[in-house]
file upload_12.cif (mmCIF, C-alpha atoms)
data_input
loop_
_atom_site.label_atom_id
_atom_site.label_comp_id
_atom_site.auth_asym_id
_atom_site.auth_seq_id
_atom_site.Cartn_x
_atom_site.Cartn_y
_atom_site.Cartn_z
CA MET U 996 51.89 209.17 101.49
CA LYS U 997 55.25 208.01 100.22
CA THR U 998 56.42 207.48 103.80
CA SER U 999 53.39 205.32 104.64
CA PHE U 1000 53.96 203.21 101.52
CA PHE U 1001 57.64 202.69 102.39
CA LEU U 1002 56.80 201.53 105.94
CA ALA U 1003 54.16 199.11 104.72
CA ALA U 1004 56.54 197.61 102.16
CA THR U 1005 59.23 197.24 104.83
CA LEU U 1006 56.85 195.36 107.17
CA LEU U 1007 55.97 192.93 104.36
CA VAL U 1008 59.59 192.25 103.43
CA LEU U 1009 61.02 191.77 106.95
CA PRO U 1010 59.20 188.52 107.82
CA ALA U 1011 60.30 187.01 104.50
CA CYS U 1012 63.92 187.95 105.17
CA GLN U 1013 63.82 186.62 108.71
CA HIS U 1014 62.24 183.29 107.64
CA SER U 1015 65.03 180.67 107.67
CA ALA U 1016 65.02 177.71 105.29
CA LYS U 1017 64.33 174.33 106.85
CA PRO U 1018 67.50 172.25 107.15
CA GLU U 1019 67.63 169.21 104.85
CA LYS U 1020 67.60 165.88 106.59
CA ALA U 1021 70.76 163.82 106.25
CA ARG U 1022 70.16 161.00 103.79
CA PRO U 1023 71.28 157.57 104.99
CA VAL U 1024 73.99 155.85 102.98
CA GLN U 1025 72.58 152.85 101.16
CA ILE U 1026 73.97 150.24 98.79
CA ASP U 1027 71.64 149.50 95.93
CA THR U 1028 72.37 145.81 95.49
CA MET U 1029 70.07 145.45 92.51
CA GLN U 1030 71.93 148.23 90.69
CA LEU U 1031 75.25 146.80 91.84
CA ILE U 1032 74.79 143.33 90.40
CA ALA U 1033 72.05 143.72 87.82
CA PRO U 1034 73.37 142.46 84.46
CA PRO U 1035 74.74 145.28 82.29
CA ALA U 1036 72.68 146.03 79.21
CA THR U 1037 75.58 146.08 76.75
CA SER U 1038 77.60 142.88 77.03
CA VAL U 1039 77.99 139.48 75.47
CA LYS U 1040 75.39 137.29 77.14
CA VAL U 1041 73.92 133.82 76.96
CA ALA U 1042 70.32 133.42 78.04
CA SER U 1043 67.51 130.93 78.48
CA ASN U 1044 64.15 131.13 80.20
CA GLU U 1045 65.85 130.12 83.43
CA VAL U 1046 69.33 131.63 83.41
CA TYR U 1047 71.11 134.76 82.16
CA VAL U 1048 74.90 134.85 82.31
CA VAL U 1049 76.60 138.14 81.51
CA SER U 1050 80.30 139.03 81.72
CA ARG U 1051 81.74 142.54 81.80
CA ASP U 1052 85.31 143.44 82.71
CA SER U 1053 86.34 141.11 85.57
CA THR U 1054 82.82 140.42 86.87
CA THR U 1055 80.31 137.78 85.84
CA TYR U 1056 76.62 138.28 86.64
CA ILE U 1057 74.21 135.36 86.88
CA ARG U 1058 70.44 135.81 86.94
CA PHE U 1059 67.94 133.06 87.73
CA GLY U 1060 64.28 133.92 88.18
CA ASP U 1061 64.18 137.20 90.08
CA SER U 1062 67.51 136.60 91.82
CA TYR U 1063 70.96 137.88 90.89
CA PHE U 1064 74.41 136.65 91.77
CA SER U 1065 77.83 138.13 90.96
CA LEU U 1066 81.44 137.03 91.35
CA ASP U 1067 84.79 138.24 89.99
CA TRP U 1068 87.35 136.48 87.80
CA ILE U 1069 85.09 133.71 86.49
CA LYS U 1070 83.93 133.17 82.92
CA PRO U 1071 81.21 130.79 81.60
CA ASP U 1072 82.50 127.48 80.24
CA ALA U 1073 80.84 127.46 76.81
CA LYS U 1074 81.79 123.83 76.16
CA ARG U 1075 80.02 122.43 79.22
CA ASN U 1076 77.07 124.73 79.91
CA ASP U 1077 73.60 123.92 78.60
CA TYR U 1078 71.32 126.68 79.89
CA GLU U 1079 68.22 125.17 78.30
CA LEU U 1080 68.51 121.53 79.39
CA HIS U 1081 70.53 121.98 82.61
CA PRO U 1082 69.89 125.46 84.00
CA ASP U 1083 70.58 124.40 87.60
CA THR U 1084 74.22 123.33 87.04
CA LEU U 1085 76.51 126.07 85.75
CA PHE U 1086 80.18 125.66 84.81
CA PHE U 1087 82.77 128.44 85.00
CA LEU U 1088 86.50 128.88 84.39
CA LEU U 1089 88.52 130.78 86.97
CA ASP U 1090 91.05 133.24 85.55
CA HIS U 1091 94.67 132.16 85.97
CA SER U 1092 96.36 133.25 89.22
CA HIS U 1093 93.01 134.25 90.77
CA SER U 1094 90.86 132.65 93.44
CA ILE U 1095 87.31 132.95 94.71
CA GLU U 1096 88.61 132.70 98.29
CA GLY U 1097 87.97 135.89 100.24
CA GLN U 1098 85.89 137.40 97.43
CA MET U 1099 82.68 139.27 98.15
CA LEU U 1100 79.74 137.39 96.73
CA ALA U 1101 76.60 139.51 96.20
CA VAL U 1102 73.12 138.02 95.99
CA THR U 1103 69.88 139.91 95.38
CA THR U 1104 66.82 137.76 96.03
CA GLY U 1105 63.87 139.85 94.77
CA GLU U 1106 60.70 137.82 95.35
CA THR U 1107 62.67 134.94 96.81
CA GLU U 1108 62.97 134.05 100.45
CA LYS U 1109 66.43 134.35 101.95
CA VAL U 1110 68.94 132.34 99.91
CA LYS U 1111 71.40 130.04 101.64
CA VAL U 1112 74.89 129.90 100.15
CA SER U 1113 77.27 126.96 100.69
CA GLN U 1114 80.82 126.35 99.50
CA CYS U 1115 83.19 123.41 99.17
CA TYR U 1116 86.28 122.51 97.14
CA GLU U 1117 87.99 119.60 95.41
CA THR U 1118 91.69 118.79 95.13
CA SER U 1119 93.49 116.95 92.34
CA ALA U 1120 96.98 115.71 91.60
CA ILE U 1121 98.87 118.18 89.40
CA ILE U 1122 101.75 117.14 87.13
CA GLU U 1123 103.64 120.34 86.43
CA GLN U 1124 100.68 122.56 85.36
CA GLU U 1125 98.28 119.80 84.27
CA PRO U 1126 95.55 118.67 86.74
CA LEU U 1127 94.44 115.03 86.61
CA LEU U 1128 90.71 115.75 86.62
CA ASN U 1129 89.68 112.16 85.86
CA TRP U 1130 91.75 110.51 88.60
CA LYS U 1131 91.40 110.62 92.38
CA HIS U 1132 90.11 113.67 94.27
CA TYR U 1133 89.46 114.90 97.76
CA ARG U 1134 86.11 116.68 98.19
CA SER U 1135 85.65 118.85 101.26
CA PRO U 1136 82.33 118.94 103.16
CA TRP U 1137 79.85 121.70 102.38
CA GLU U 1138 80.11 124.75 104.62
CA LEU U 1139 77.35 127.34 104.97
CA LEU U 1140 78.54 130.91 104.37
CA SER U 1141 77.41 133.52 106.88
CA ALA U 1142 76.05 136.79 105.51
CA GLU U 1143 78.41 139.68 106.29
CA ALA U 1144 75.53 142.07 105.53
CA SER U 1145 72.19 141.80 103.81
CA ASN U 1146 72.78 139.93 100.53
CA PHE U 1147 76.58 139.96 100.90
CA PHE U 1148 78.75 136.94 101.64
CA ILE U 1149 82.50 136.36 101.81
CA CYS U 1150 83.79 133.21 100.14
CA LYS U 1151 85.64 130.95 102.54
CA LYS U 1152 89.43 130.87 102.63
CA TYR U 1153 91.31 127.59 103.07
CA SER U 1154 94.54 126.85 104.89
CA ALA U 1155 97.62 125.35 103.23
CA ALA U 1156 96.85 122.02 104.90
CA GLU U 1157 93.26 122.03 103.58
CA LYS U 1158 94.43 122.79 100.05
CA THR U 1159 96.66 119.68 99.96
CA ARG U 1160 94.24 117.09 101.37
CA PHE U 1161 94.07 113.94 99.25
CA PRO U 1162 93.05 110.30 99.60
CA PRO U 1163 95.85 107.91 100.68
CA THR U 1164 97.68 107.02 97.47
CA ASP U 1165 100.54 104.76 96.46
CA ILE U 1166 102.85 106.19 93.81
CA SER U 1167 102.49 102.98 91.77
CA HIS U 1168 98.77 103.74 91.28
CA LEU U 1169 99.61 107.12 89.81
CA GLN U 1170 102.31 105.65 87.58
CA GLN U 1171 99.91 103.01 86.26
CA TYR U 1172 97.21 105.60 85.58
CA ILE U 1173 99.61 107.90 83.70
CA LYS U 1174 100.98 104.98 81.70
CA GLN U 1175 97.46 104.13 80.51
CA HIS U 1176 95.89 107.57 80.16
CA GLY U 1177 98.68 110.15 80.13
CA THR U 1178 101.28 111.23 77.61
CA PRO U 1179 104.77 109.72 77.27
CA ALA U 1180 106.19 113.00 78.56
CA GLN U 1181 104.04 112.80 81.70
CA TYR U 1182 104.97 109.18 82.30
CA ALA U 1183 108.66 110.04 82.03
CA LEU U 1184 108.15 112.59 84.83
CA VAL U 1185 106.57 110.10 87.26
CA ALA U 1186 108.18 106.78 86.31
CA GLN U 1187 111.15 107.17 88.68
CA LEU U 1188 109.27 108.66 91.65
CA ASP U 1189 109.25 106.76 94.96
CA ASN U 1190 106.60 108.75 96.87
CA PHE U 1191 103.40 110.71 96.37
CA PRO U 1192 103.24 113.67 96.16
CA VAL U 1193 106.74 114.88 95.38
CA PRO U 1194 107.84 117.28 92.61
CA PRO U 1195 106.95 117.47 89.79
CA VAL U 1196 103.68 116.11 91.26
CA ARG U 1197 101.72 118.16 93.77
CA VAL U 1198 98.19 118.41 95.17
CA ALA U 1199 96.12 121.59 94.83
CA ILE U 1200 92.53 122.81 94.66
CA SER U 1201 91.24 122.18 91.14
CA ARG U 1202 87.54 123.03 91.59
CA TYR U 1203 85.36 125.21 93.77
CA TYR U 1204 81.67 124.53 94.26
CA ILE U 1205 79.06 127.10 95.30
CA ARG U 1206 75.48 126.06 96.00
CA LEU U 1207 72.50 128.42 96.32
CA ASP U 1208 69.26 127.21 97.87
CA GLY U 1209 66.08 129.23 98.29
CA LEU U 1210 62.31 129.26 98.00
CA THR U 1211 60.14 131.68 96.02
CA LYS U 1212 57.48 133.50 98.05
CA LYS U 1213 54.60 133.30 95.59
CA LEU U 1214 54.90 129.91 93.94
CA ALA U 1215 56.73 127.99 96.67
CA CYS U 1216 59.19 126.77 94.03
CA LYS U 1217 62.63 125.73 95.14
CA ILE U 1218 65.75 127.41 93.81
CA ASN U 1219 68.73 125.08 93.61
CA LYS U 1220 71.77 126.29 91.71
CA LEU U 1221 75.17 124.63 91.63
CA LEU U 1222 78.17 126.58 90.34
CA ILE U 1223 81.23 124.50 89.43
CA ILE U 1224 84.34 126.65 89.05
CA GLU U 1225 87.42 125.12 87.41
CA VAL U 1226 90.82 126.44 88.48
CA SER U 1227 93.27 127.34 85.74
CA PHE U 1228 96.92 126.31 86.21
CA LYS U 1229 98.17 127.73 82.93
CA GLY U 1230 98.66 131.41 82.16
#
call {"tool": "encode", "arguments": {"input": "upload_12.cif", "output": "structure tokens"}}
result
Amino acid sequence: MKTSFFLAATLLVLPACQHSAKPEKARPVQIDTMQLIAPPATSVKVASNEVYVVSRDSTTYIRFGDSYFSLDWIKPDAKRNDYELHPDTLFFLLDHSHSIEGQMLAVTTGETEKVKVSQCYETSAIIEQEPLLNWKHYRSPWELLSAEASNFFICKKYSAAEKTRFPPTDISHLQQYIKQHGTPAQYALVAQLDNFPVPPVRVAISRYYIRLDGLTKKLACKINKLLIIEVSFKG
């Protein structure tokens, strides 16, 4: 009797021991863009019904509607932004010694059709470390950024020649402008110059512009956002 019981128990156990576990399928690697650029919960933020702007560490997150946008080394310009009255034009200050050129720009569109991203820049005359933002400028044409992957773009880089483009200028025009609108110290720097631009005057990019255009799926409402990013020349 004991022998029969042992054999029966053995027959029940063997199939269970021989049954091999099913191998787990390899999970594809994915980037959760919503988690990547969704605004952090604990940060200083400014909000309206149209726009949320949140900064944490070196990254600023911008939300409009159901879309998100993120970029490094920019901070909201509190003096110029009006999120309630002008939610479609946003001003930012670029951290000193940094650039948006070559940065990865992440956009999550949610219920929005594919967003188009364009970029251009503006140059100004710089006296030592002070840009003349209310004088002449060169504005580059808009260029459409190609998506490197879904929702990811790389900001355009500019050559040295592009960064120094400027309208034809006579040095006397600069001297007259500085005499009327500049400081005595600035005028002393340019009064004896014979050409433009020569040290201590140079030409450099003073602003970057990024434009986002899209269309919501449900309401057929257009999304038009313009980001104006001021370059800092002082540490």
call {"tool": "resolve_selection", "arguments": {"input": "upload_12.cif", "expression": "the PyMOL selection byres ((chain U and resi 1143) around 12)", "output": "PyMOL selection string"}}
result
chain U and resi 1097-1102+1140-1142+1144-1151
call {"tool": "closest_residue", "arguments": {"input": "upload_12.cif", "among": "U:Gln1181, U:Thr1084, U:Gln1175, U:Ser1167", "to": "Gln1124 of chain U", "atoms": "all atoms listed in the file"}}
result
U:Gln1181
call {"tool": "resolve_selection", "arguments": {"input": "upload_12.cif", "expression": "the PyMOL selection byres ((chain U and resi 1117) around 8)", "output": "PyMOL selection string"}}
result
chain U and resi 1115-1116+1118-1119+1132-1135+1200-1203
call {"tool": "closest_atom_pairs", "arguments": {"input": "upload_12.cif", "of": "segment 1055-1173 of chain U", "to": "segment 1221-1225 of chain U", "cutoff": "8 Å", "atoms": "only C-alpha atoms", "output": "tab-separated table"}}
result
residue	atom	partner	partner_atom	distance
U:Ile1069	CA	U:Ile1224	CA	7.5
U:Asp1083	CA	U:Leu1221	CA	6.1
U:Thr1084	CA	U:Leu1221	CA	4.9
U:Leu1085	CA	U:Leu1222	CA	4.9
U:Phe1086	CA	U:Ile1223	CA	4.9
U:Phe1087	CA	U:Ile1224	CA	4.7
U:Leu1088	CA	U:Glu1225	CA	4.9
U:Leu1089	CA	U:Glu1225	CA	5.8
call {"tool": "resolve_selection", "arguments": {"input": "upload_12.cif", "expression": "the PyMOL selection byres ((chain U and resi 1195) around 6)", "output": "list in words"}}
result
Ile1122, Glu1123, Pro1194 and Val1196 of chain U
call {"tool": "closest_residue", "arguments": {"input": "upload_12.cif", "among": "U:Leu1169, U:Phe1191, U:Gly1209, U:Tyr1047", "to": "Pro1082 of chain U", "atoms": "all atoms listed in the file"}}
result
U:Tyr1047
call {"tool": "atom_distance", "arguments": {"input": "upload_12.cif", "atom1": "atom CA of Arg1051 of chain U", "atom2": "atom CA of Ser1092 of chain U"}}
result
18.8 Å
call {"tool": "atom_distance", "arguments": {"input": "upload_12.cif", "atom1": "atom CA of Val1193 of chain U", "atom2": "atom CA of Ile1121 of chain U"}}
result
10.4 Å
call {"tool": "closest_residue", "arguments": {"input": "upload_12.cif", "among": "U:Arg1058, U:Arg1075, U:Lys1070, U:Lys1131", "to": "Thr1103 of chain U", "atoms": "all atoms listed in the file"}}
result
U:Arg1058
call {"tool": "closest_residue", "arguments": {"input": "upload_12.cif", "among": "U:Ser1154, U:Ser1227, U:Gln1171, U:Thr1055", "to": "Ala1186 of chain U", "atoms": "all atoms listed in the file"}}
result
U:Gln1171
call {"tool": "atom_distance", "arguments": {"input": "upload_12.cif", "atom1": "atom CA of Glu1125 of chain U", "atom2": "atom CA of Asn1076 of chain U"}}
result
22.2 Å
call {"tool": "closest_residue", "arguments": {"input": "upload_12.cif", "among": "U:Val1046, U:Arg1197, U:His1093, U:Ala1156", "to": "Leu1066 of chain U", "atoms": "only C-alpha atoms"}}
result
U:His1093
call {"tool": "closest_residue", "arguments": {"input": "upload_12.cif", "among": "U:Leu1128, U:Val1198, U:Leu1080, U:Val1112", "to": "Pro1162 of chain U", "atoms": "all atoms listed in the file"}}
result
U:Val1198
